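> Handing over input.pdb, PDB, C-alpha atoms.
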ATOM      1  CA  MET A 994     111.830  47.787  95.056
ATOM      2  CA  ILE A 995     110.133  50.568  93.079
ATOM      3  CA  LYS A 996     109.387  52.447  96.317
ATOM      4  CA  GLN A 997     113.078  52.358  97.288
ATOM      5  CA  TRP A 998     114.081  53.568  93.843
ATOM      6  CA  LEU A 999     111.499  56.387  93.999
ATOM      7  CA  VAL A1000     112.739  57.458  97.442
ATOM      8  CA  VAL A1001     116.358  57.517  96.209
ATOM      9  CA  VAL A1002     115.440  59.563  93.123
ATOM     10  CA  LEU A1003     113.416  62.052  95.175
ATOM     11  CA  ALA A1004     116.207  62.385  97.746
ATOM     12  CA  ALA A1005     118.799  62.952  95.014
ATOM     13  CA  GLY A1006     116.553  65.556  93.389
ATOM     14  CA  LEU A1007     115.997  67.316  96.686
ATOM     15  CA  ILE A1008     119.736  67.401  97.399
ATOM     16  CA  THR A1009     120.437  68.672  93.889
ATOM     17  CA  ILE A1010     117.965  71.530  94.301
ATOM     18  CA  THR A1011     118.753  72.558  97.894
ATOM     19  CA  ALA A1012     122.560  72.318  97.857
ATOM     20  CA  PRO A1013     123.087  75.417  95.654
ATOM     21  CA  LEU A1014     120.558  77.371  97.724
ATOM     22  CA  ALA A1015     122.312  76.492 100.966
ATOM     23  CA  ALA A1016     125.673  77.451  99.481
ATOM     24  CA  ALA A1017     124.269  80.775  98.292
ATOM     25  CA  GLN A1018     123.096  81.603 101.816
ATOM     26  CA  ASP A1019     126.561  80.963 103.205
ATOM     27  CA  ASN A1020     128.253  83.120 100.567
ATOM     28  CA  PRO A1021     129.630  86.305 102.234
ATOM     29  CA  ALA A1022     128.949  88.300  99.066
ATOM     30  CA  ASN A1023     125.227  87.843  99.729
ATOM     31  CA  ASN A1024     125.490  89.406 103.185
ATOM     32  CA  GLN A1025     125.950  92.911 101.812
ATOM     33  CA  GLN A1026     123.402  95.556 102.625
ATOM     34  CA  THR A1027     120.849  96.429 100.005
ATOM     35  CA  PRO A1028     122.026  99.519  98.142
ATOM     36  CA  PRO A1029     119.826 102.622  98.307
ATOM     37  CA  PRO A1030     117.448 103.242  95.429
ATOM     38  CA  GLU A1031     119.118 104.683  92.341
ATOM     39  CA  ASN A1032     117.342 108.009  92.688
ATOM     40  CA  GLY A1033     118.673 108.385  96.244
ATOM     41  CA  ARG A1034     115.173 108.638  97.728
ATOM     42  CA  ARG A1035     113.788 106.715 100.593
ATOM     43  CA  HIS A1036     110.177 105.925 101.267
ATOM     44  CA  HIS A1037     109.851 108.701 103.846
ATOM     45  CA  GLY A1038     111.501 112.011 104.450
ATOM     46  CA  MET A1039     113.408 114.339 102.246
ATOM     47  CA  PRO A1040     115.411 113.161  99.262
ATOM     48  CA  ASP A1041     119.182 113.168  99.328
ATOM     49  CA  PRO A1042     120.387 116.816  99.419
ATOM     50  CA  ALA A1043     122.697 116.349  96.421
ATOM     51  CA  GLU A1044     119.926 114.721  94.376
ATOM     52  CA  ARG A1045     117.426 117.443  95.308
ATOM     53  CA  THR A1046     119.980 120.124  94.416
ATOM     54  CA  ARG A1047     120.502 118.522  90.993
ATOM     55  CA  GLU A1048     116.748 118.405  90.451
ATOM     56  CA  LEU A1049     116.298 122.064  91.422
ATOM     57  CA  THR A1050     119.284 123.065  89.306
ATOM     58  CA  LYS A1051     117.755 121.372  86.295
ATOM     59  CA  ARG A1052     114.246 122.736  86.793
ATOM     60  CA  LEU A1053     115.162 126.245  87.978
ATOM     61  CA  ASN A1054     118.445 126.775  86.120
ATOM     62  CA  LEU A1055     120.341 127.582  89.321
ATOM     63  CA  SER A1056     123.674 129.373  89.174
ATOM     64  CA  SER A1057     126.682 127.697  90.764
ATOM     65  CA  GLU A1058     126.436 130.084  93.727
ATOM     66  CA  GLN A1059     122.752 129.238  94.173
ATOM     67  CA  GLN A1060     123.545 125.519  93.921
ATOM     68  CA  THR A1061     126.065 125.744  96.749
ATOM     69  CA  LYS A1062     123.682 127.648  99.010
ATOM     70  CA  VAL A1063     120.718 125.387  98.199
ATOM     71  CA  GLN A1064     122.733 122.268  98.933
ATOM     72  CA  ASP A1065     123.869 123.741 102.276
ATOM     73  CA  ILE A1066     120.244 124.484 103.216
ATOM     74  CA  LEU A1067     119.136 120.994 102.206
ATOM     75  CA  GLN A1068     121.989 119.313 104.093
ATOM     76  CA  THR A1069     121.112 121.221 107.256
ATOM     77  CA  ALA A1070     117.441 120.262 106.903
ATOM     78  CA  HIS A1071     118.401 116.640 106.229
ATOM     79  CA  LYS A1072     120.521 116.505 109.411
ATOM     80  CA  GLN A1073     117.658 118.004 111.427
ATOM     81  CA  MET A1074     115.254 115.420 109.997
ATOM     82  CA  GLU A1075     117.629 112.584 110.866
ATOM     83  CA  SER A1076     117.902 113.878 114.447
ATOM     84  CA  LEU A1077     114.121 113.963 114.707
ATOM     85  CA  ARG A1078     113.853 110.397 113.442
ATOM     86  CA  GLN A1079     116.185 109.297 116.245
ATOM     87  CA  ASP A1080     114.239 111.214 118.908
ATOM     88  CA  ASN A1081     111.898 108.686 120.523
ATOM     89  CA  SER A1082     110.659 111.177 123.125
ATOM     90  CA  LEU A1083     108.280 112.799 120.616
ATOM     91  CA  SER A1084     104.920 111.443 119.563
ATOM     92  CA  GLU A1085     104.531 110.567 115.893
ATOM     93  CA  GLN A1086     102.260 113.593 115.466
ATOM     94  CA  ASP A1087     104.774 115.992 117.070
ATOM     95  CA  ARG A1088     107.607 114.521 115.037
ATOM     96  CA  HIS A1089     105.621 114.972 111.821
ATOM     97  CA  ALA A1090     104.745 118.574 112.737
ATOM     98  CA  LYS A1091     108.404 119.399 113.392
ATOM     99  CA  MET A1092     109.436 117.764 110.123
ATOM    100  CA  MET A1093     106.897 119.890 108.282
ATOM    101  CA  GLU A1094     108.330 122.991 109.977
ATOM    102  CA  ILE A1095     111.834 122.025 108.859
ATOM    103  CA  ARG A1096     110.608 121.412 105.308
ATOM    104  CA  LYS A1097     108.760 124.740 105.149
ATOM    105  CA  GLY A1098     111.737 126.559 106.633
ATOM    106  CA  SER A1099     114.147 125.133 104.078
ATOM    107  CA  ASP A1100     111.700 125.924 101.254
ATOM    108  CA  THR A1101     111.459 129.531 102.488
ATOM    109  CA  GLN A1102     115.256 129.828 102.618
ATOM    110  CA  ILE A1103     115.623 128.376  99.119
ATOM    111  CA  ARG A1104     112.920 130.640  97.707
ATOM    112  CA  ALA A1105     114.754 133.688  99.124
ATOM    113  CA  LEU A1106     117.819 132.779  97.028
ATOM    114  CA  LEU A1107     115.880 132.757  93.749
ATOM    115  CA  ASP A1108     115.165 135.538  91.269
ATOM    116  CA  GLY A1109     111.567 136.408  90.308
ATOM    117  CA  LYS A1110     111.298 133.952  87.419
ATOM    118  CA  GLN A1111     112.807 131.133  89.481
ATOM    119  CA  GLN A1112     110.500 131.935  92.400
ATOM    120  CA  LYS A1113     107.458 131.676  90.149
ATOM    121  CA  LYS A1114     108.605 128.263  88.874
ATOM    122  CA  PHE A1115     109.478 127.154  92.422
ATOM    123  CA  ASP A1116     105.993 128.147  93.622
ATOM    124  CA  GLU A1117     104.460 126.156  90.759
ATOM    125  CA  MET A1118     106.586 123.145  91.723
ATOM    126  CA  GLN A1119     105.466 123.468  95.355
ATOM    127  CA  ALA A1120     101.794 123.694  94.350
ATOM    128  CA  GLU A1121     102.224 120.634  92.106
ATOM    129  CA  HIS A1122     103.814 118.761  94.990
ATOM    130  CA  GLU A1123     100.993 119.744  97.345
ATOM    131  CA  ARG A1124      98.307 118.624  94.888
ATOM    132  CA  TRP A1125     100.086 115.307  94.346
ATOM    133  CA  GLY A1126     100.586 114.794  98.089
ATOM    134  CA  GLU A1127      96.961 115.493  98.941
ATOM    135  CA  GLY A1128      95.767 112.720  96.644
ATOM    136  CA  HIS A1129      98.190 110.235  98.167
ATOM    137  CA  ARG A1130      97.760 111.185 101.829
ATOM    138  CA  HIS A1131      94.001 110.767 101.734
ATOM    139  CA  GLY A1132      93.951 107.688  99.536
ATOM    140  CA  GLY A1133      92.108 109.316  96.686
ATOM    141  CA  PRO A1134      92.343 111.903  93.948
ATOM    142  CA  PRO A1135      92.595 115.617  94.738
ATOM    143  CA  GLU A1136      89.242 117.379  95.005
ATOM    144  CA  GLY A1137      87.348 117.097  91.761
ATOM    145  CA  GLY A1138      90.303 115.528  90.005
ATOM    146  CA  GLU A1139      91.524 112.283  88.589
ATOM    147  CA  PRO A1140      94.124 110.220  90.425
ATOM    148  CA  GLN A1141      97.542 111.388  89.363
ATOM    149  CA  GLY A1142     101.048 110.050  89.413
ATOM    150  CA  PRO A1143     103.955 112.034  90.798
ATOM    151  CA  PRO A1144     104.515 115.485  89.312
ATOM    152  CA  PRO A1145     106.200 115.175  85.915
ATOM    153  CA  PRO A1146     109.786 116.453  85.697
ATOM    154  CA  GLN A1147     110.137 119.509  83.508
TER     155      GLN A1147
END
So that I can check it, write out the structure of this file as C-alpha cells.


Amino acid sequence: MIKQWLVVVLAAGLITITAPLAAAQDNPANNQQTPPPENGRRHHGMPDPAERTRELTKRLNLSSEQQTKVQDILQTAHKQMESLRQDNSLSEQDRHAKMMEIRKGSDTQIRALLDGKQQKKFDEMQAEHERWGEGHRHGGPPEGGEPQGPPPPQ
C-alpha cells in the first residue's frame, strides 16, 4: 500500500515539474532567434560598421563628414568580409590572410581621412589593439608583460 502511494506521489510530482517545461518548449515565443550581443559584436570578424563608427567618433572626435566616410569604408569592408566567410573554396589560412588585407586596407583608408592629431590617436589605438591581440592569439601575455584585458575605452 505504501509503495503504491509513493509511486502515485512521485508520478504526480514528476508531472507537475515536467508539464510547464513541455509547454514552454511548444510556445512559439521561445522559437525566436537569439538577439545579437548588445554591443553589436560577434565572436569573430569586424564589429558592426555603425557601432565601430560611433566608437571612432567618440575616441577621435570625428566630424560629421568624416563619420559618413568612415561608415562607408567600414560597410564596404564588412561586406567583403561576409563574402569571404561564405567562400568555401579558400583554405582557412588564405581566408584569414585576405581578411587581414581587408582590415589593413580599411584602416589605411580611415587614417587618410584624419587630421594629424586624430592620426596620432588612431595609431595609438591600433598599437593598443595589436598588443592586446598578441596576448590573446598566443594564449599568454605580450612579451615581458602582464596579461591584459581588452584596451580600455578612452

> Restricting the calculation to all atoms listed in the file, which member of A:Pro1042, A:Gln1086, A:Leu1106, A:Lys1091 is positioned closest to Lys1062 (chain A)?

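Residue with the minimum atom-to-atom distance to Lys1062 (chain A): A:Leu1106.
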
> For the file shown, what are the residues hit by the PyMOL selection byres ((chain A and resi 1063) around 10), laid out as a list of chain:residue names?

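Checked against the file, the PyMOL selection byres ((chain A and resi 1063) around 10) matches A:Pro1042, A:Ala1043, A:Arg1045, A:Thr1046, A:Arg1047, A:Leu1049, A:Thr1050, A:Leu1055, A:Ser1057, A:Glu1058, A:Gln1059, A:Gln1060, A:Thr1061, A:Lys1062, A:Gln1064, A:Asp1065, A:Ile1066, A:Leu1067, A:Gln1068, A:Thr1069, A:Ser1099, A:Asp1100, A:Gln1102, A:Ile1103, A:Arg1104, A:Leu1106, A:Leu1107.
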
> Evaluate the PyMOL selection byres ((chain A and resi 1114) around 12) here and jot the selected residues down as a PDB file with C-alpha atoms, in the coordinates of the input.


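Printed below is out.pdb as written:
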ATOM      1  CA  LEU A1049     116.298 122.064  91.422  1.00  0.00           C
ATOM      2  CA  THR A1050     119.284 123.065  89.306  1.00  0.00           C
ATOM      3  CA  LYS A1051     117.755 121.372  86.295  1.00  0.00           C
ATOM      4  CA  ARG A1052     114.246 122.736  86.793  1.00  0.00           C
ATOM      5  CA  LEU A1053     115.162 126.245  87.978  1.00  0.00           C
ATOM      6  CA  ASN A1054     118.445 126.775  86.120  1.00  0.00           C
ATOM      7  CA  LEU A1055     120.341 127.582  89.321  1.00  0.00           C
ATOM      8  CA  ARG A1104     112.920 130.640  97.707  1.00  0.00           C
ATOM      9  CA  LEU A1107     115.880 132.757  93.749  1.00  0.00           C
ATOM     10  CA  ASP A1108     115.165 135.538  91.269  1.00  0.00           C
ATOM     11  CA  GLY A1109     111.567 136.408  90.308  1.00  0.00           C
ATOM     12  CA  LYS A1110     111.298 133.952  87.419  1.00  0.00           C
ATOM     13  CA  GLN A1111     112.807 131.133  89.481  1.00  0.00           C
ATOM     14  CA  GLN A1112     110.500 131.935  92.400  1.00  0.00           C
ATOM     15  CA  LYS A1113     107.458 131.676  90.149  1.00  0.00           C
ATOM     16  CA  PHE A1115     109.478 127.154  92.422  1.00  0.00           C
ATOM     17  CA  ASP A1116     105.993 128.147  93.622  1.00  0.00           C
ATOM     18  CA  GLU A1117     104.460 126.156  90.759  1.00  0.00           C
ATOM     19  CA  MET A1118     106.586 123.145  91.723  1.00  0.00           C
ATOM     20  CA  GLN A1119     105.466 123.468  95.355  1.00  0.00           C
ATOM     21  CA  ALA A1120     101.794 123.694  94.350  1.00  0.00           C
ATOM     22  CA  GLU A1121     102.224 120.634  92.106  1.00  0.00           C
ATOM     23  CA  GLN A1147     110.137 119.509  83.508  1.00  0.00           C
TER      24      GLN A1147
END

> Report, in Å with one decimal, the straight-line distance from CA of Arg1078 (chain A) to CA of Ile1095 (chain A).

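One can read the CA of Arg1078 (chain A) to CA of Ile1095 (chain A) distance as 12.7 Å.
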
> Taking all atoms of region 1117-1120 of chain A that the file lists and extending 8 Å past them on each side, where is the centre of the axis-aligned box and how long are its edges? Answer in Å to one decimal, as JSON.


{"center_x": 104.2, "center_y": 124.7, "center_z": 93.1, "size_x": 20.8, "size_y": 19.0, "size_z": 20.6}

> For CA of Trp998 (chain A) and CA of Ile1010 (chain A), quote the distance in Å rounded to one decimal.

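It comes out at 18.4 Å.
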
> Mind pulling up the distance from CA of Glu1123 (chain A) to CA of Ser1056 (chain A)?

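It comes out at 26.0 Å.
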
> Which residue is closest to Arg1096 (chain A)? Choose from A:Ile995, A:Leu1077, A:Leu1083, A:Ala1070 and count only C-alpha atoms.

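Among A:Ile995, A:Leu1077, A:Leu1083, A:Ala1070, it is A:Ala1070 that comes nearest to Arg1096 (chain A).
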